[in-house]
$ cat protein.cif   # mmCIF, C-alpha atoms and all ligand atoms
data_structure
#
loop_
_atom_site.label_atom_id
_atom_site.label_comp_id
_atom_site.auth_asym_id
_atom_site.auth_seq_id
_atom_site.Cartn_x
_atom_site.Cartn_y
_atom_site.Cartn_z
CA MET A 1 93.85 103.25 62.36
CA LYS A 2 96.72 104.62 64.42
CA ILE A 3 97.01 103.16 67.93
CA LEU A 4 98.76 104.54 70.99
CA VAL A 5 99.77 102.11 73.75
CA ILE A 6 100.70 103.79 77.04
CA GLY A 7 103.33 102.16 79.26
CA SER A 8 106.74 100.54 79.02
CA GLY A 9 106.55 96.95 80.25
CA GLY A 10 106.18 93.46 78.82
CA ARG A 11 102.41 93.85 78.92
CA GLU A 12 102.61 96.90 76.68
CA HIS A 13 105.00 95.16 74.27
CA ALA A 14 102.51 92.27 74.05
CA LEU A 15 99.57 94.66 73.50
CA ALA A 16 101.44 96.54 70.78
CA TRP A 17 102.55 93.27 69.14
CA LYS A 18 99.02 91.87 69.11
CA LEU A 19 97.45 95.09 67.84
CA ALA A 20 100.05 95.31 65.07
CA HIS A 21 98.63 91.97 63.80
CA SER A 22 95.27 93.60 63.09
CA PRO A 23 94.71 94.23 59.37
CA ARG A 24 93.03 97.52 60.29
CA VAL A 25 96.03 98.91 62.18
CA GLU A 26 98.23 101.29 60.26
CA ALA A 27 100.70 102.21 63.02
CA VAL A 28 101.26 101.48 66.69
CA TYR A 29 103.00 104.02 68.92
CA CYS A 30 104.21 103.30 72.45
CA ALA A 31 104.66 105.98 75.09
CA PRO A 32 107.29 105.67 76.34
CA GLY A 33 107.79 102.03 75.24
CA ASN A 34 110.99 100.02 75.76
CA GLY A 35 113.89 98.51 73.83
CA GLY A 36 111.64 96.00 72.11
CA THR A 37 108.75 98.22 71.03
CA ALA A 38 108.69 100.15 67.77
CA GLY A 39 107.19 103.60 67.34
CA ASN A 40 108.37 104.84 70.74
CA VAL A 41 107.26 108.31 71.77
CA PRO A 42 109.33 109.82 74.61
CA ILE A 43 106.41 110.87 76.83
CA PRO A 44 106.16 109.29 80.29
CA ALA A 45 102.93 107.45 81.15
CA ALA A 46 102.30 109.99 83.94
CA ASP A 47 102.25 113.05 81.65
CA ILE A 48 98.59 112.87 80.68
CA PRO A 49 98.32 116.35 79.02
CA ALA A 50 101.34 115.62 76.79
CA LEU A 51 99.89 112.22 75.85
CA ARG A 52 96.55 113.82 74.99
CA ASP A 53 98.23 116.47 72.84
CA PHE A 54 100.25 113.80 71.03
CA ALA A 55 97.10 111.74 70.36
CA LEU A 56 95.28 114.79 69.00
CA ARG A 57 98.22 115.83 66.83
CA GLU A 58 98.79 112.33 65.36
CA GLY A 59 95.13 111.52 64.85
CA ILE A 60 95.27 108.45 67.13
CA GLY A 61 92.12 106.37 66.60
CA LEU A 62 92.38 104.37 69.82
CA THR A 63 94.57 104.67 72.92
CA VAL A 64 95.14 101.61 75.12
CA VAL A 65 96.34 102.31 78.66
CA GLY A 66 98.64 99.65 80.16
CA PRO A 67 99.44 100.67 83.75
CA GLU A 68 97.03 101.54 86.55
CA ALA A 69 98.45 104.89 87.68
CA PRO A 70 97.25 107.00 84.71
CA LEU A 71 93.82 105.30 84.92
CA VAL A 72 93.52 106.14 88.61
CA ASP A 73 94.65 109.69 87.75
CA GLY A 74 91.78 110.05 85.26
CA ILE A 75 93.43 109.69 81.83
CA VAL A 76 90.22 108.25 80.37
CA ASP A 77 88.16 111.25 81.49
CA ILE A 78 90.79 113.67 80.13
CA PHE A 79 91.08 111.91 76.76
CA GLY A 80 87.31 111.63 76.53
CA ALA A 81 86.87 115.36 77.16
CA ALA A 82 89.21 115.98 74.21
CA GLY A 83 87.07 113.76 71.96
CA LEU A 84 89.66 110.94 71.89
CA ARG A 85 88.74 107.26 71.97
CA VAL A 86 90.49 105.44 74.79
CA PHE A 87 90.17 101.93 76.19
CA GLY A 88 90.07 101.80 79.99
CA PRO A 89 87.91 102.67 82.99
CA ASN A 90 87.21 106.26 83.97
CA LYS A 91 88.57 107.72 87.18
CA ALA A 92 85.56 106.73 89.27
CA ALA A 93 85.67 103.09 88.12
CA ALA A 94 89.47 102.89 88.43
CA ARG A 95 89.03 103.28 92.20
CA LEU A 96 88.41 99.52 92.24
CA GLU A 97 92.21 99.29 91.99
CA GLY A 98 93.14 102.69 93.40
CA SER A 99 91.44 102.09 96.76
CA LYS A 100 91.35 98.66 98.34
CA ILE A 101 88.77 99.96 100.82
CA PHE A 102 86.47 101.05 97.97
CA ALA A 103 86.94 97.62 96.35
CA LYS A 104 86.12 95.78 99.59
CA GLU A 105 83.09 97.95 100.32
CA THR A 106 81.79 97.51 96.78
CA MET A 107 82.24 93.75 97.02
CA SER A 108 80.46 93.59 100.38
CA ALA A 109 77.53 95.61 99.08
CA ALA A 110 77.32 93.49 95.92
CA GLY A 111 77.62 90.16 97.75
CA VAL A 112 80.85 89.19 95.99
CA PRO A 113 82.86 86.58 97.91
CA THR A 114 85.97 88.08 99.53
CA ALA A 115 87.90 87.66 102.78
CA ASP A 116 86.37 89.19 105.95
CA TYR A 117 88.06 92.50 106.71
CA ALA A 118 88.26 95.58 108.86
CA VAL A 119 89.29 99.13 107.89
CA PHE A 120 91.52 101.38 110.03
CA GLU A 121 92.45 105.05 109.82
CA SER A 122 95.08 105.03 112.56
CA ALA A 123 97.82 102.69 113.75
CA ASP A 124 96.51 102.88 117.32
CA ALA A 125 93.07 101.64 116.33
CA ALA A 126 94.52 98.81 114.21
CA LEU A 127 96.92 97.70 116.95
CA ALA A 128 94.18 97.79 119.61
CA TRP A 129 91.96 95.64 117.37
CA LEU A 130 94.78 93.13 116.74
CA ARG A 131 95.55 92.87 120.49
CA GLU A 132 92.08 91.41 121.01
CA ARG A 133 92.72 88.70 118.43
CA PRO A 134 94.57 85.35 118.92
CA ALA A 135 98.38 85.54 118.82
CA ASP A 136 98.73 82.78 116.23
CA HIS A 137 96.11 84.04 113.74
CA PRO A 138 97.33 84.81 110.17
CA TRP A 139 96.36 88.17 108.59
CA VAL A 140 96.95 90.20 105.48
CA VAL A 141 97.64 93.92 105.97
CA LYS A 142 97.00 96.11 102.91
CA ALA A 143 97.72 99.77 102.27
CA ASP A 144 94.56 101.31 100.81
CA GLY A 145 96.18 103.15 97.90
CA LEU A 146 98.48 102.29 95.00
CA ALA A 147 101.89 101.06 96.16
CA ALA A 148 103.37 99.54 92.98
CA GLY A 149 102.31 96.08 94.12
CA LYS A 150 104.28 96.33 97.39
CA GLY A 151 101.59 97.46 99.83
CA VAL A 152 100.23 93.97 100.67
CA LEU A 153 101.91 92.29 103.64
CA ILE A 154 101.19 88.62 104.35
CA CYS A 155 101.45 87.88 108.07
CA ASP A 156 101.65 84.49 109.80
CA THR A 157 100.99 85.80 113.32
CA ARG A 158 99.56 88.74 115.22
CA ALA A 159 103.09 90.00 115.95
CA GLU A 160 103.83 90.09 112.23
CA ALA A 161 100.56 91.91 111.59
CA GLU A 162 101.47 94.50 114.24
CA ALA A 163 104.84 95.02 112.55
CA ALA A 164 103.05 95.38 109.20
CA VAL A 165 100.73 98.03 110.63
CA ARG A 166 103.74 99.97 111.94
CA ARG A 167 105.56 99.74 108.61
CA THR A 168 102.51 101.01 106.75
CA MET A 169 101.07 103.60 109.14
CA VAL A 170 103.97 104.73 111.34
CA ALA A 171 107.12 104.35 109.19
CA ARG A 172 104.87 105.11 106.18
CA GLU A 173 106.83 102.86 103.83
CA PHE A 174 104.18 103.25 101.14
CA GLY A 175 103.64 106.97 101.67
CA SER A 176 100.09 108.28 101.57
CA ALA A 177 98.87 104.93 100.18
CA GLY A 178 99.06 103.81 103.82
CA ASP A 179 96.89 106.60 105.29
CA ARG A 180 94.19 103.96 105.65
CA ILE A 181 94.57 100.18 105.73
CA VAL A 182 92.58 96.99 105.37
CA ILE A 183 93.32 94.04 107.63
CA GLU A 184 91.78 90.87 106.26
CA GLU A 185 91.63 87.15 106.80
CA ARG A 186 94.38 85.25 105.08
CA LEU A 187 92.93 82.80 102.56
CA ARG A 188 94.45 79.50 101.44
CA GLY A 189 94.24 77.95 98.01
CA TYR A 190 95.65 78.64 94.58
CA GLU A 191 95.42 81.91 92.65
CA VAL A 192 93.84 82.57 89.27
CA SER A 193 93.91 85.80 87.26
CA LEU A 194 90.60 86.10 85.45
CA LEU A 195 90.45 89.07 83.11
CA ALA A 196 87.34 90.30 81.37
CA ILE A 197 86.91 93.02 78.77
CA CYS A 198 83.89 94.94 80.01
CA ALA A 199 81.53 97.67 78.86
CA GLY A 200 78.58 98.47 81.08
CA ARG A 201 76.80 95.20 81.85
CA GLU A 202 78.39 93.36 78.92
CA PHE A 203 81.69 91.53 79.09
CA VAL A 204 83.92 89.02 77.33
CA THR A 205 85.93 86.84 79.70
CA LEU A 206 89.50 86.18 78.61
CA ALA A 207 91.30 82.86 79.07
CA PRO A 208 92.43 82.46 82.69
CA ALA A 209 96.11 82.63 83.56
CA GLN A 210 98.25 81.81 86.54
CA ASP A 211 100.96 84.22 87.66
CA TYR A 212 104.02 83.35 89.78
CA LYS A 213 104.38 86.24 92.21
CA ARG A 214 107.26 85.14 94.47
CA ILE A 215 110.89 85.56 93.46
CA GLY A 216 112.03 82.09 94.54
CA GLU A 217 111.39 78.62 93.13
CA GLY A 218 108.69 76.70 94.98
CA ASP A 219 106.95 80.05 95.71
CA THR A 220 109.44 81.30 98.30
CA GLY A 221 110.90 84.72 99.08
CA PRO A 222 109.43 88.16 98.57
CA ASN A 223 106.61 89.09 96.18
CA THR A 224 107.54 90.55 92.81
CA GLY A 225 105.63 92.04 89.90
CA GLY A 226 105.40 88.47 88.51
CA MET A 227 108.13 86.00 87.53
CA GLY A 228 106.21 83.96 84.96
CA ALA A 229 102.77 82.81 83.92
CA TYR A 230 100.89 80.18 81.98
CA SER A 231 97.51 79.85 80.29
CA PRO A 232 95.06 78.11 80.26
CA ILE A 233 94.71 76.65 83.78
CA PRO A 234 93.81 72.94 83.65
CA THR A 235 92.37 73.05 87.19
CA PHE A 236 90.12 76.02 86.35
CA PRO A 237 87.69 74.60 83.80
CA ARG A 238 84.77 76.24 82.02
CA GLU A 239 82.37 75.56 84.95
CA LEU A 240 84.56 77.49 87.40
CA ILE A 241 84.89 80.36 84.91
CA ALA A 242 81.09 80.45 84.63
CA PHE A 243 80.80 80.39 88.43
CA ALA A 244 83.20 83.34 88.73
CA GLU A 245 81.27 85.21 86.03
CA GLU A 246 78.05 84.81 88.03
CA GLN A 247 79.51 85.41 91.49
CA VAL A 248 82.05 88.12 90.71
CA ILE A 249 81.96 89.79 87.30
CA LYS A 250 78.20 90.27 86.88
CA PRO A 251 77.57 91.68 90.37
CA MET A 252 80.57 94.01 90.06
CA LEU A 253 79.34 95.33 86.70
CA ARG A 254 75.94 95.99 88.27
CA ALA A 255 77.67 97.93 91.07
CA VAL A 256 80.16 99.99 89.01
CA ASP A 257 79.78 101.44 85.51
CA PHE A 258 82.95 99.96 84.07
CA THR A 259 84.57 99.99 80.63
CA GLY A 260 87.97 98.37 80.25
CA VAL A 261 89.67 95.27 81.65
CA LEU A 262 88.36 94.09 84.99
CA TYR A 263 91.08 91.84 86.38
CA SER A 264 89.79 89.65 89.20
CA GLY A 265 92.59 88.20 91.31
CA LEU A 266 90.90 85.08 92.70
CA MET A 267 91.92 82.66 95.42
CA ILE A 268 90.38 79.26 94.73
CA THR A 269 89.68 78.06 98.26
CA PRO A 270 88.09 74.77 99.32
CA ASP A 271 84.84 76.80 99.60
CA GLY A 272 85.10 78.21 96.06
CA PRO A 273 86.58 81.34 94.46
CA SER A 274 87.12 84.42 96.62
CA VAL A 275 88.38 87.79 95.36
CA LEU A 276 91.80 88.92 96.60
CA GLU A 277 91.92 92.10 94.57
CA PHE A 278 90.69 93.87 91.49
CA ASN A 279 92.92 95.49 88.95
CA VAL A 280 91.49 97.73 86.28
CA ARG A 281 93.93 96.89 83.47
CA PHE A 282 95.62 93.97 81.77
CA GLY A 283 97.85 91.84 84.02
CA ASP A 284 101.59 91.68 83.67
CA PRO A 285 102.85 89.00 82.89
CA GLU A 286 99.41 87.38 82.33
CA THR A 287 98.87 89.37 79.11
CA GLN A 288 102.02 87.82 77.67
CA VAL A 289 100.40 84.34 77.80
CA VAL A 290 96.78 85.34 77.16
CA LEU A 291 97.21 87.39 73.98
CA PRO A 292 99.33 84.82 72.08
CA ARG A 293 96.38 82.40 72.46
CA LEU A 294 93.75 84.91 71.32
CA GLU A 295 92.60 84.25 67.76
CA THR A 296 90.13 87.15 67.61
CA ASP A 297 91.42 90.52 66.41
CA LEU A 298 92.23 92.39 69.63
CA LEU A 299 91.32 95.72 68.02
CA ASP A 300 87.80 94.39 67.31
CA LEU A 301 87.36 93.50 70.99
CA LEU A 302 88.73 96.77 72.36
CA GLU A 303 86.74 98.90 69.94
CA ALA A 304 83.55 96.97 70.68
CA ALA A 305 84.06 97.78 74.36
CA VAL A 306 84.75 101.48 73.76
CA ASP A 307 81.71 101.69 71.46
CA ARG A 308 79.59 99.73 73.97
CA ARG A 309 78.61 96.93 71.63
CA LEU A 310 80.49 94.06 73.30
CA GLY A 311 77.41 91.85 73.30
CA ALA A 312 77.92 91.35 69.57
CA VAL A 313 81.46 89.92 69.79
CA ASP A 314 83.08 86.77 71.06
CA ALA A 315 86.68 85.79 71.74
CA ARG A 316 88.11 82.70 70.06
CA TRP A 317 91.05 80.91 71.67
CA SER A 318 93.77 78.63 70.41
CA PRO A 319 93.78 75.31 72.28
CA ARG A 320 97.56 75.60 72.53
CA LYS A 321 99.32 76.19 75.83
CA ALA A 322 101.34 79.34 76.55
CA VAL A 323 104.17 79.83 79.04
CA THR A 324 106.18 82.96 79.79
CA VAL A 325 109.39 83.06 81.81
CA VAL A 326 110.48 86.39 83.23
CA LEU A 327 114.22 87.07 83.03
CA ALA A 328 115.21 89.43 85.83
CA SER A 329 118.25 91.42 86.91
CA GLY A 330 120.27 89.83 89.74
CA GLY A 331 119.14 91.29 93.08
CA TYR A 332 115.55 92.02 91.97
CA PRO A 333 113.14 92.73 93.75
CA GLY A 334 115.86 94.48 95.79
CA ASP A 335 118.63 96.61 94.25
CA TYR A 336 120.05 95.57 90.91
CA ALA A 337 122.42 96.83 88.21
CA LYS A 338 121.21 98.47 84.99
CA ASP A 339 122.78 99.09 81.56
CA GLN A 340 124.00 95.51 81.11
CA PRO A 341 124.27 94.54 77.42
CA ILE A 342 121.98 91.60 76.54
CA SER A 343 123.09 88.93 74.07
CA GLY A 344 121.23 86.15 72.27
CA LEU A 345 117.93 87.96 71.65
CA ASP A 346 117.84 87.23 67.92
CA ALA A 347 118.64 83.53 68.36
CA ALA A 348 115.97 83.20 71.08
CA GLY A 349 113.31 84.99 69.04
CA ALA A 350 114.06 82.88 65.94
CA ARG A 351 113.09 79.65 67.69
CA PRO A 352 109.74 78.15 66.64
CA ASP A 353 106.70 79.46 68.54
CA VAL A 354 108.82 81.76 70.71
CA THR A 355 108.24 85.49 71.19
CA VAL A 356 110.50 87.55 73.42
CA PHE A 357 108.58 90.47 74.92
CA HIS A 358 110.75 93.23 76.32
CA ALA A 359 110.05 94.84 79.70
CA GLY A 360 112.95 96.63 81.42
CA THR A 361 115.14 97.18 78.35
CA LYS A 362 116.33 100.14 76.31
CA ARG A 363 117.89 100.43 72.91
CA VAL A 364 121.14 102.38 72.67
CA ASP A 365 122.41 102.52 69.08
CA ASP A 366 122.24 98.88 67.98
CA ARG A 367 122.51 97.36 71.42
CA ILE A 368 119.81 96.32 73.88
CA LEU A 369 120.68 97.12 77.50
CA THR A 370 118.92 96.16 80.74
CA ASN A 371 116.90 99.01 82.20
CA GLY A 372 114.85 97.50 85.04
CA GLY A 373 114.29 94.60 87.41
CA ARG A 374 112.07 92.48 85.18
CA VAL A 375 113.88 92.65 81.85
CA LEU A 376 112.42 90.14 79.34
CA ASN A 377 109.42 87.79 79.06
CA VAL A 378 110.33 84.74 77.02
CA THR A 379 107.01 83.35 75.79
CA ALA A 380 106.42 80.05 74.01
CA LEU A 381 103.42 78.19 72.65
CA GLY A 382 103.17 74.40 72.46
CA ASP A 383 100.64 71.66 71.84
CA THR A 384 101.24 70.56 75.43
CA PHE A 385 102.53 72.42 78.47
CA GLY A 386 105.63 70.21 78.34
CA GLN A 387 106.39 71.41 74.82
CA ALA A 388 105.71 75.06 75.66
CA ILE A 389 107.91 74.87 78.79
CA ASP A 390 110.77 73.20 76.90
CA ARG A 391 110.56 75.76 74.10
CA ALA A 392 110.53 78.68 76.52
CA TYR A 393 113.52 77.45 78.52
CA ALA A 394 115.47 76.51 75.38
CA ALA A 395 115.04 80.12 74.25
CA VAL A 396 116.01 81.34 77.73
CA GLY A 397 119.23 79.35 77.26
CA GLU A 398 120.17 81.54 74.28
CA ILE A 399 119.94 84.79 76.26
CA SER A 400 122.46 86.15 78.73
CA TRP A 401 123.71 89.22 80.51
CA GLU A 402 125.76 89.81 83.64
CA GLY A 403 123.57 88.84 86.62
CA MET A 404 120.56 87.44 84.69
CA THR A 405 118.23 85.26 86.81
CA CYS A 406 114.93 83.47 86.37
CA ARG A 407 112.75 80.88 88.05
CA ARG A 408 113.23 77.39 86.61
CA ASP A 409 109.84 76.06 87.76
CA ILE A 410 107.40 78.16 85.73
CA ALA A 411 104.39 76.00 84.74
CA ALA A 412 106.12 72.89 86.16
CA ARG A 413 102.95 72.10 88.12
CA VAL A 414 100.95 71.67 84.91
CA ARG A 415 103.56 69.73 82.90
CA GLU A 416 101.77 66.67 81.55
P1 LIG B 501 96.64 92.04 96.15
O1 LIG B 501 97.43 93.18 95.56
O2 LIG B 501 95.57 92.43 97.07
O3 LIG B 501 96.26 90.97 95.16
O4 LIG B 501 97.70 91.22 96.95
C1 LIG B 501 98.87 90.72 96.33
C2 LIG B 501 99.05 89.28 96.66
O5 LIG B 501 98.95 89.08 98.07
C3 LIG B 501 97.94 88.39 96.08
O6 LIG B 501 98.18 88.05 94.76
C4 LIG B 501 98.05 87.20 97.00
O7 LIG B 501 99.16 86.39 96.66
C5 LIG B 501 98.33 87.84 98.33
N1 LIG B 501 97.06 88.08 99.07
C6 LIG B 501 96.29 89.19 99.05
N2 LIG B 501 95.22 89.06 99.85
C7 LIG B 501 95.31 87.84 100.42
C8 LIG B 501 94.51 87.10 101.34
N3 LIG B 501 93.40 87.61 101.87
N4 LIG B 501 94.92 85.86 101.67
C9 LIG B 501 96.06 85.34 101.16
N5 LIG B 501 96.85 85.98 100.28
C10 LIG B 501 96.50 87.21 99.92
N1 LIG B 502 100.45 90.01 87.59
C1 LIG B 502 99.87 90.84 88.58
C2 LIG B 502 99.38 92.12 88.09
O1 LIG B 502 99.36 92.40 86.92
O2 LIG B 502 98.95 92.91 88.91
#

$ encode --input "protein.cif" --output "structure tokens"
Amino acid sequence: MKILVIGSGGREHALAWKLAHSPRVEAVYCAPGNGGTAGNVPIPAADIPALRDFALREGIGLTVVGPEAPLVDGIVDIFGAAGLRVFGPNKAAARLEGSKIFAKETMSAAGVPTADYAVFESADAALAWLRERPADHPWVVKADGLAAGKGVLICDTRAEAEAAVRRTMVAREFGSAGDRIVIEERLRGYEVSLLAICAGREFVTLAPAQDYKRIGEGDTGPNTGGMGAYSPIPTFPRELIAFAEEQVIKPMLRAVDFTGVLYSGLMITPDGPSVLEFNVRFGDPETQVVLPRLETDLLDLLEAAVDRRLGAVDARWSPRKAVTVVLASGGYPGDYAKDQPISGLDAAGARPDVTVFHAGTKRVDDRILTNGGRVLNVTALGDTFGQAIDRAYAAVGEISWEGMTCRRDIAARVRE
């Protein structure tokens, strides 16, 4: 079978890498891919008609969509209408990520635990509501629509929440994504990314992973797309997974007809898991630690979902621990330089149990240059977290470019 992976990040490199391991896969194409992926097709992820025409022309047997934007724009409906098999939710189901208000309303109706919230369609109404609340109360202000992960503002006080409302609805920093907002209670606890491959009422839960969202060590500084991850999570045992399946995944699948990856972003509070957000796709960088531990053929799982026979399959997991460290361009998540030549990739990738997934890179002749903020995901497996961490950072030590940075504390909290 020929496979098309849509997207250009580390998640897509990991998906393509895992699918290439399947004995039934003849070729994997990536559109547009990056400096580490093979079979690149120069079509942007946003150009759905061109992607469809390519898939028809090449006889693609299954398309896997990495990023959320084409899903929210209806790529699954458009491919389906052309008779193409594609893994992901349709446009209606993708609203779980495309509209935070839709996600909150669906959760409320389904009885899924989530922070108390209010919805506003104007800055005046939001500010008037905040003025009646205590000055020292913490809030989270969220733009309703897609904002490339930037539309969520964590506020310690009412004054900060007022400023967040103005940024979103008056200065319109996130464009039309901020036409409507959610203001919700700020929850405390630790976060877990729990991904499930779903088809109708059936689902296969993937191994949980923890993402490091802040740029700075010790979880300081601004949010990023993710600076590292590890899997499994020792503090999130089988019983908590089962609890989340009952309290979150099953009620959501009763409420929405969903095929694809349902990514539940959970906060584990003293009162139990509560949903912070849904994504409708694989997580990045979670995928880079989940897939290396998956022993089942990924193609079998994805096809079973598309063909709506997921009940017949199971996922098997390696007991080994996986850690990924994101190497970023200096300045990220603010401005950063591009086109820096990267050295040491071969030496890093040759280390035992290390895989270097590319994200913001491009290949120019025989050189790999930086091409984004998050550049590489150095992933290692080990029998213990200590071993996986040491292997990952030893491989990081081989790699360099002008301005390269990374967090040094990825998975440190689970080191045995
Ligand atoms: P979201 O895109 O909704 O997941 O928000 C991005 C990040 O903001 C989450 O991963 C959390 O770190 C944080 N966050 C979102 N909602 C809340 C909340 N209600 N309480 C505390 N942190 C939150
Ligand atoms: N790692 C966060 C995300 O994929 O949205």

$ closest_residue --input "protein.cif" --among "A:Leu310, A:Met252, A:Ala147, A:Val289" --to "ligand LIG 501 (chain B)" --atoms "only C-alpha atoms and all ligand atoms"
A:Ala147

$ residues_around --input "protein.cif" --residues "segment 102-110 of chain A" --least-positions-apart "6" --cutoff "9 Å" --atoms "all atoms listed in the file" --output "ChimeraX atom specification"
/A:95-96,117,144,182,248,251-252,254-256,275,277-278

$ residues_around --input "protein.cif" --residues "segment 404-415 of chain A" --least-positions-apart "3" --cutoff "6 Å" --atoms "all atoms listed in the file" --output "compact mmCIF listing (two decimals) with C-alpha atoms, keeping the file's coordinate frame"
# COMPACT_ATOMS: atom_id res chain seq x y z
CA GLU A 217 111.39 78.62 93.13
CA GLY A 228 106.21 83.96 84.96
CA LEU A 327 114.22 87.07 83.03
CA ALA A 328 115.21 89.43 85.83
CA SER A 329 118.25 91.42 86.91
CA GLY A 330 120.27 89.83 89.74
CA PHE A 385 102.53 72.42 78.47
CA GLY A 386 105.63 70.21 78.34
CA TRP A 401 123.71 89.22 80.51

$ closest_residue --input "protein.cif" --among "A:Ala304, A:Leu195, A:Ala27, A:Ile78" --to "Asp47 of chain A" --atoms "all atoms listed in the file"
A:Ile78

$ closest_atom_pairs --input "protein.cif" --of "chain A" --to "ligand LIG 502 (chain B)" --cutoff "7 Å" --atoms "all atoms listed in the file" --output "tab-separated table"
residue	atom	partner	partner_atom	distance
A:Gly149	CA	B:LIG502	O2	7.0
A:Asp211	CA	B:LIG502	N1	5.8
A:Gly225	CA	B:LIG502	N1	6.0
A:Gly226	CA	B:LIG502	N1	5.3
A:Asn279	CA	B:LIG502	O2	6.6
A:Phe282	CA	B:LIG502	O1	6.6
A:Gly283	CA	B:LIG502	O1	3.3
A:Asp284	CA	B:LIG502	O1	4.0
A:Pro285	CA	B:LIG502	N1	5.4
A:Glu286	CA	B:LIG502	N1	6.0

$ residues_near_ligand --input "protein.cif" --ligand "ligand LIG 501 (chain B)" --cutoff "7 Å" --atoms "all atoms listed in the file" --output "compact mmCIF listing (two decimals) with C-alpha atoms, keeping the file's coordinate frame"
# COMPACT_ATOMS: atom_id res chain seq x y z
CA ALA A 115 87.90 87.66 102.78
CA VAL A 140 96.95 90.20 105.48
CA GLY A 149 102.31 96.08 94.12
CA VAL A 152 100.23 93.97 100.67
CA ILE A 154 101.19 88.62 104.35
CA GLU A 184 91.78 90.87 106.26
CA GLU A 185 91.63 87.15 106.80
CA ARG A 186 94.38 85.25 105.08
CA LEU A 187 92.93 82.80 102.56
CA ARG A 188 94.45 79.50 101.44
CA LYS A 213 104.38 86.24 92.21
CA GLY A 265 92.59 88.20 91.31
CA LEU A 276 91.80 88.92 96.60
CA GLU A 277 91.92 92.10 94.57

$ atom_distance --input "protein.cif" --atom1 "atom CA of Asp73 of chain A" --atom2 "atom CA of Thr370 of chain A"
28.7 Å
